[in-house]
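Here is the structure we will look at.
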Amino acid sequence: MPKFSLIVPIYKIEAYLPKCIDSVLAQTCQDYELLLIEDGSPDGCGKICDDYAAKYPDKIRAIHQKNGGAGAARNNGIALASGEYLLFVDGDDYLSANFLAELSAAAQKAPADLLLFGAEVERDGKKVGELHEAVPAEKLLSVKDEPSLYFGVMAPWNRAYRRTLFTEHDITFPTKVWYEDIRVVTKILAVAQTAYRLPGAYYHYLQREGSTMNNKNIERNAEILQAFDDILGWYASHGFLEAHREDLTFQAVQHILLAATVRVLLINRKHHLVEDFRAYMEQHFPDFRNNKYLPLLDKNKQLIYRLLLKKRYRTVRMIFQMKKMLGK
C-alpha cells in the first residue's frame, strides 16, 4: 500500500497537464500512486494520460470516464485509491519536488488525520501570494479546538486526508455543481480528529480566468445556498450542528454575506440574489450579527460587512472598482 494516492481530475487542460504530471514524477519521495481521472475531455488529455501510464505503469493509472465534473472524477479516484493518505491535485497546478518527502516526514512525526500545507498562488507566470491555514505549525492539533480551520482555505488541494475519513464516513464530492469544495471540506472537519500543519508552501496553485470563481454566470452564484443547505442538513443528521453553529455561522458570513454577495454586486447590484443572500442569512443564521468570530475579519472586510448590512451596495461597488483601477 502506498503512503499517498494523488488524484487528478482532468478536463480540457492539455496545455498544463504534462507539467503537473512531471512535477509528481520528480518527487524525491516515491511512495505514491498517481490516479489520472480523465473526465471525458474533448482535447488531447486522454492521450497524454495514456502515454504517461504506459511509460510509468508502476506509478500511474489512467482512468477514463464520461464527463461528470471534477467531483465525479475525485469520487472515482477515492474509490480506486489504495494509499493511506489522499491528495487532490488539480491538473493545471503542480508540486514542489520535495513535497511528498516533507509530507511523509510529517506523517511519521505526527500521524494526523489531516496534513495541512501551504500553497503558492501564481497568475500569468508570477507568484502573487501564498495561502496558509491560520493554525500553529509543526504541532499535532485537535481539530475541534481549531475553529479557524472552518474559516480558512476551502479548497480540497491544501491538505492530505487520511483515506478512511472518506470511506468510513461515506463523504463524497457532489457532481457538476459550484461550491463542491466547501461542502466536502466542512464535512471532513467534523469527522477528523487531528491535524498537523507543515510551515512550507509546496503546492503551486494557478489562477486562471476560466475558473469557477472567475466565471461571470451570475445565476450560478445561487449554488452557495444549496451548498449550505447540504452542509446544515448533513451536520444536523450527524448530530454536529449545535456544537458547530458558531463556526458555520461565521463561515456563512464569509462565503454568503461577503464573498458571494460582492461577486454578484460587481456584475449587477440590483440582481435578486443580493437580497436572496441576505434573506438566507436572516432565516438560517438569525444571530449572525452577534457571532463571536466577527472580530477576525480584517479591517477591509469589516468595512464591506458594515456597508452590506446598511445596503450601501453602490458604495461597495465603487470601492471594488477603485481597487481594480489601482491594481490592488
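Just so we're on the same page: first chain in the C-alpha cells is A, next is B, and so on; residues restart at 1 for each chain, and ligands are numbered from 1 in the order they show up.
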Give me every strand (DSSP E) residue in region 65-248 of chain A, going by DSSP on the backbone, as a JSON list (two decimals) with C-alpha atoms, in the first residue's frame.
[["chain", "number", "residue", "atom", "x", "y", "z"],
["A", 65, "GLN", "CA", -14.92, 8.24, -17.59],
["A", 85, "TYR", "CA", -3.48, 9.46, 2.57],
["A", 86, "LEU", "CA", -5.36, 11.08, -0.31],
["A", 87, "LEU", "CA", -4.20, 14.19, -2.12],
["A", 88, "PHE", "CA", -6.35, 16.06, -4.62],
["A", 94, "TYR", "CA", 1.96, 21.47, -9.92],
["A", 95, "LEU", "CA", 4.02, 20.42, -6.88],
["A", 114, "LEU", "CA", -5.17, 15.88, 8.14],
["A", 115, "LEU", "CA", -1.74, 17.08, 7.00],
["A", 116, "LEU", "CA", -2.02, 20.76, 6.09],
["A", 117, "PHE", "CA", 0.41, 22.64, 3.86],
["A", 118, "GLY", "CA", 0.74, 25.99, 2.14],
["A", 119, "ALA", "CA", 0.18, 26.91, -1.49],
["A", 120, "GLU", "CA", 1.89, 29.45, -3.71],
["A", 121, "VAL", "CA", -0.60, 31.36, -5.84],
["A", 122, "GLU", "CA", 0.51, 32.08, -9.40],
["A", 123, "ARG", "CA", -1.04, 34.30, -12.05],
["A", 126, "LYS", "CA", 4.25, 35.12, -11.48],
["A", 127, "LYS", "CA", 3.85, 34.37, -7.80],
["A", 128, "VAL", "CA", 1.22, 36.70, -6.34],
["A", 129, "GLY", "CA", 0.87, 35.30, -2.83],
["A", 130, "GLU", "CA", 0.72, 32.33, -0.50],
["A", 131, "LEU", "CA", -2.16, 30.58, 1.24],
["A", 141, "LEU", "CA", -3.62, 19.74, 16.82],
["A", 142, "SER", "CA", -7.10, 18.70, 17.88],
["A", 159, "ARG", "CA", -4.21, 19.10, 2.77],
["A", 160, "ALA", "CA", -3.61, 15.37, 2.72],
["A", 161, "TYR", "CA", -6.57, 13.38, 4.05],
["A", 162, "ARG", "CA", -6.44, 10.04, 5.79],
["A", 194, "THR", "CA", -6.26, 15.60, 14.49],
["A", 195, "ALA", "CA", -4.36, 17.91, 12.15],
["A", 196, "TYR", "CA", -0.75, 18.90, 11.62],
["A", 197, "ARG", "CA", 0.40, 21.89, 9.57],
["A", 198, "LEU", "CA", 3.65, 21.98, 7.64],
["A", 199, "PRO", "CA", 5.06, 25.52, 7.54],
["A", 200, "GLY", "CA", 6.12, 25.43, 3.90],
["A", 201, "ALA", "CA", 4.23, 26.11, 0.66],
["A", 202, "TYR", "CA", 4.61, 23.12, -1.67],
["A", 203, "TYR", "CA", 1.51, 23.30, -3.83],
["A", 204, "HIS", "CA", 1.52, 25.71, -6.79],
["A", 205, "TYR", "CA", -1.98, 26.96, -7.46],
["A", 206, "LEU", "CA", -2.55, 28.56, -10.85]]
### Query
Do you know which residues are at most 12 Å from Pro295 (chain A) counting only C-alpha atoms, after dropping those on the same chain fewer than 6 positions away, and could you put them as a PyMOL selection string?
chain A and resi 250+289+301-303+305
Restrict the selected residues to all heavy atoms and save them as a PDB file, in the first residue's frame.
ATOM      1  N   PHE A 250     -20.148  31.861  11.074  1.00  0.00           N
ATOM      2  CA  PHE A 250     -19.099  32.744  10.572  1.00  0.00           C
ATOM      3  C   PHE A 250     -18.659  32.322   9.170  1.00  0.00           C
ATOM      4  O   PHE A 250     -18.349  33.167   8.327  1.00  0.00           O
ATOM      5  CB  PHE A 250     -17.897  32.753  11.522  1.00  0.00           C
ATOM      6  CG  PHE A 250     -16.855  33.771  11.156  1.00  0.00           C
ATOM      7  CD1 PHE A 250     -17.168  35.118  11.105  1.00  0.00           C
ATOM      8  CD2 PHE A 250     -15.560  33.387  10.864  1.00  0.00           C
ATOM      9  CE1 PHE A 250     -16.216  36.064  10.768  1.00  0.00           C
ATOM     10  CE2 PHE A 250     -14.595  34.320  10.527  1.00  0.00           C
ATOM     11  CZ  PHE A 250     -14.925  35.662  10.482  1.00  0.00           C
ATOM     12  N   ARG A 289     -25.220  38.555  13.455  1.00  0.00           N
ATOM     13  CA  ARG A 289     -24.651  39.848  13.850  1.00  0.00           C
ATOM     14  C   ARG A 289     -23.920  39.764  15.186  1.00  0.00           C
ATOM     15  O   ARG A 289     -23.090  40.629  15.496  1.00  0.00           O
ATOM     16  CB  ARG A 289     -25.751  40.903  13.947  1.00  0.00           C
ATOM     17  CG  ARG A 289     -26.403  41.251  12.626  1.00  0.00           C
ATOM     18  CD  ARG A 289     -27.609  42.163  12.847  1.00  0.00           C
ATOM     19  NE  ARG A 289     -28.304  42.483  11.605  1.00  0.00           N
ATOM     20  CZ  ARG A 289     -29.166  41.668  10.998  1.00  0.00           C
ATOM     21  NH1 ARG A 289     -29.437  40.484  11.540  1.00  0.00           N
ATOM     22  NH2 ARG A 289     -29.757  42.034   9.875  1.00  0.00           N
ATOM     23  N   LYS A 301     -12.622  43.863   5.238  1.00  0.00           N
ATOM     24  CA  LYS A 301     -13.855  43.076   5.263  1.00  0.00           C
ATOM     25  C   LYS A 301     -14.832  43.612   6.296  1.00  0.00           C
ATOM     26  O   LYS A 301     -16.055  43.525   6.107  1.00  0.00           O
ATOM     27  CB  LYS A 301     -13.539  41.608   5.520  1.00  0.00           C
ATOM     28  CG  LYS A 301     -12.866  40.924   4.337  1.00  0.00           C
ATOM     29  CD  LYS A 301     -12.601  39.455   4.605  1.00  0.00           C
ATOM     30  CE  LYS A 301     -11.951  38.791   3.396  1.00  0.00           C
ATOM     31  NZ  LYS A 301     -11.648  37.356   3.655  1.00  0.00           N
ATOM     32  N   GLN A 302     -14.307  44.160   7.392  1.00  0.00           N
ATOM     33  CA  GLN A 302     -15.194  44.785   8.382  1.00  0.00           C
ATOM     34  C   GLN A 302     -15.972  45.924   7.745  1.00  0.00           C
ATOM     35  O   GLN A 302     -17.185  46.082   7.973  1.00  0.00           O
ATOM     36  CB  GLN A 302     -14.369  45.322   9.562  1.00  0.00           C
ATOM     37  CG  GLN A 302     -13.729  44.262  10.427  1.00  0.00           C
ATOM     38  CD  GLN A 302     -14.650  43.794  11.548  1.00  0.00           C
ATOM     39  OE1 GLN A 302     -15.814  44.170  11.605  1.00  0.00           O
ATOM     40  NE2 GLN A 302     -14.125  42.961  12.424  1.00  0.00           N
ATOM     41  N   LEU A 303     -15.284  46.705   6.924  1.00  0.00           N
ATOM     42  CA  LEU A 303     -15.937  47.829   6.246  1.00  0.00           C
ATOM     43  C   LEU A 303     -17.009  47.331   5.285  1.00  0.00           C
ATOM     44  O   LEU A 303     -18.146  47.832   5.300  1.00  0.00           O
ATOM     45  CB  LEU A 303     -14.904  48.661   5.501  1.00  0.00           C
ATOM     46  CG  LEU A 303     -15.458  49.770   4.587  1.00  0.00           C
ATOM     47  CD1 LEU A 303     -16.244  50.788   5.401  1.00  0.00           C
ATOM     48  CD2 LEU A 303     -14.323  50.437   3.816  1.00  0.00           C
ATOM     49  N   TYR A 305     -18.549  44.494   5.304  1.00  0.00           N
ATOM     50  CA  TYR A 305     -19.610  43.880   6.102  1.00  0.00           C
ATOM     51  C   TYR A 305     -20.599  44.933   6.594  1.00  0.00           C
ATOM     52  O   TYR A 305     -21.822  44.789   6.460  1.00  0.00           O
ATOM     53  CB  TYR A 305     -18.983  43.134   7.285  1.00  0.00           C
ATOM     54  CG  TYR A 305     -19.960  42.619   8.322  1.00  0.00           C
ATOM     55  CD1 TYR A 305     -20.692  41.455   8.108  1.00  0.00           C
ATOM     56  CD2 TYR A 305     -20.139  43.301   9.525  1.00  0.00           C
ATOM     57  CE1 TYR A 305     -21.578  40.989   9.063  1.00  0.00           C
ATOM     58  CE2 TYR A 305     -21.025  42.838  10.482  1.00  0.00           C
ATOM     59  CZ  TYR A 305     -21.747  41.680  10.245  1.00  0.00           C
ATOM     60  OH  TYR A 305     -22.623  41.228  11.198  1.00  0.00           O
TER      61      TYR A 305
END
### Query
Which residues, written as a PyMOL selection string, have at least one atom at most 12 Å from Val262 (chain A), with only C-alpha atoms counted and residues fewer than 4 positions away on the same chain left out?
chain A and resi 213+218+221+253-258+266-271+273-275+277-278+301+304-305+307-308+311-321
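Computed from the coordinates, the CA of Gln30 (chain A) to CA of Ser96 (chain A) distance equals 13.5 Å.
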### Picked from region 148-312 of chain A by DSSP as helix (DSSP H, G or I), as a VMD selection string
chain A and resid 148 to 151 164 to 167 180 to 191 212 to 214 218 to 237 242 to 265 272 to 284 288 to 290 294 to 296 299 to 309
### Task
With a distance cut-off of 10 Å and only C-alpha atoms, select the neighbouring residues of region 145-150 of chain A, excluding the residue or stretch itself and same-chain residues fewer than 4 positions from it, and output the selection as a PyMOL selection string.
chain A and resi 133-136+141+154+182+185-186+189-190+193-195+244+246-248+250-251+293+296
#### Entry: Spatial neighbours of Ala15 (chain A), 12 Å, only C-alpha atoms, chain gap at least 6 places, as a PyMOL selection string
chain A and resi 21+43-45+48+91-93
Expected file: the selected residues, all heavy atoms, as a CSV table (one decimal), in the first residue's frame:
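That gives us result_17.csv:
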chain,number,residue,atom,x,y,z
A,21,ILE,N,1.9,16.4,-14.2
A,21,ILE,CA,2.4,15.0,-14.1
A,21,ILE,C,3.9,14.9,-13.8
A,21,ILE,O,4.3,14.2,-13.0
A,21,ILE,CB,2.0,14.2,-15.3
A,21,ILE,CG1,0.4,14.2,-15.5
A,21,ILE,CG2,2.5,12.8,-15.2
A,21,ILE,CD1,0.0,13.6,-16.8
A,43,ASP,N,-10.2,17.3,-25.6
A,43,ASP,CA,-9.0,17.6,-26.2
A,43,ASP,C,-8.0,16.4,-26.2
A,43,ASP,O,-8.4,15.3,-26.2
A,43,ASP,CB,-8.4,18.9,-25.6
A,43,ASP,CG,-8.2,18.7,-24.1
A,43,ASP,OD1,-8.4,17.5,-23.6
A,43,ASP,OD2,-7.9,19.6,-23.4
A,44,GLY,N,-6.7,16.7,-26.1
A,44,GLY,CA,-5.7,15.6,-26.1
A,44,GLY,C,-5.4,15.1,-24.7
A,44,GLY,O,-4.4,14.3,-24.6
A,45,CYS,N,-6.1,15.4,-23.7
A,45,CYS,CA,-5.8,15.0,-22.3
A,45,CYS,C,-5.8,13.4,-22.2
A,45,CYS,O,-5.0,12.9,-21.5
A,45,CYS,CB,-6.8,15.6,-21.3
A,45,CYS,SG,-6.5,17.3,-21.0
A,48,ILE,N,-2.6,12.0,-23.5
A,48,ILE,CA,-1.5,12.4,-22.6
A,48,ILE,C,-1.5,11.4,-21.4
A,48,ILE,O,-0.5,10.9,-21.0
A,48,ILE,CB,-1.6,13.8,-22.1
A,48,ILE,CG1,-1.4,14.8,-23.2
A,48,ILE,CG2,-0.6,14.1,-20.9
A,48,ILE,CD1,-1.7,16.2,-22.9
A,91,GLY,N,-5.3,19.5,-12.3
A,91,GLY,CA,-4.4,19.2,-13.4
A,91,GLY,C,-3.7,20.3,-14.0
A,91,GLY,O,-2.7,20.2,-14.8
A,92,ASP,N,-4.1,21.6,-13.7
A,92,ASP,CA,-3.3,22.7,-14.1
A,92,ASP,C,-2.4,23.3,-13.1
A,92,ASP,O,-1.8,24.4,-13.3
A,92,ASP,CB,-4.3,23.8,-14.6
A,92,ASP,CG,-5.4,24.1,-13.7
A,92,ASP,OD1,-5.5,23.5,-12.6
A,92,ASP,OD2,-6.3,25.0,-14.0
A,93,ASP,N,-2.3,22.6,-11.9
A,93,ASP,CA,-1.4,23.0,-10.9
A,93,ASP,C,-0.2,22.1,-10.9
A,93,ASP,O,-0.1,21.1,-11.6
A,93,ASP,CB,-2.1,23.0,-9.5
A,93,ASP,CG,-3.3,23.9,-9.4
A,93,ASP,OD1,-3.2,24.9,-10.1
A,93,ASP,OD2,-4.2,23.7,-8.6
### Summary
The distance between CA of Pro286 (chain A) and CA of Val177 (chain A) is 26.6 Å
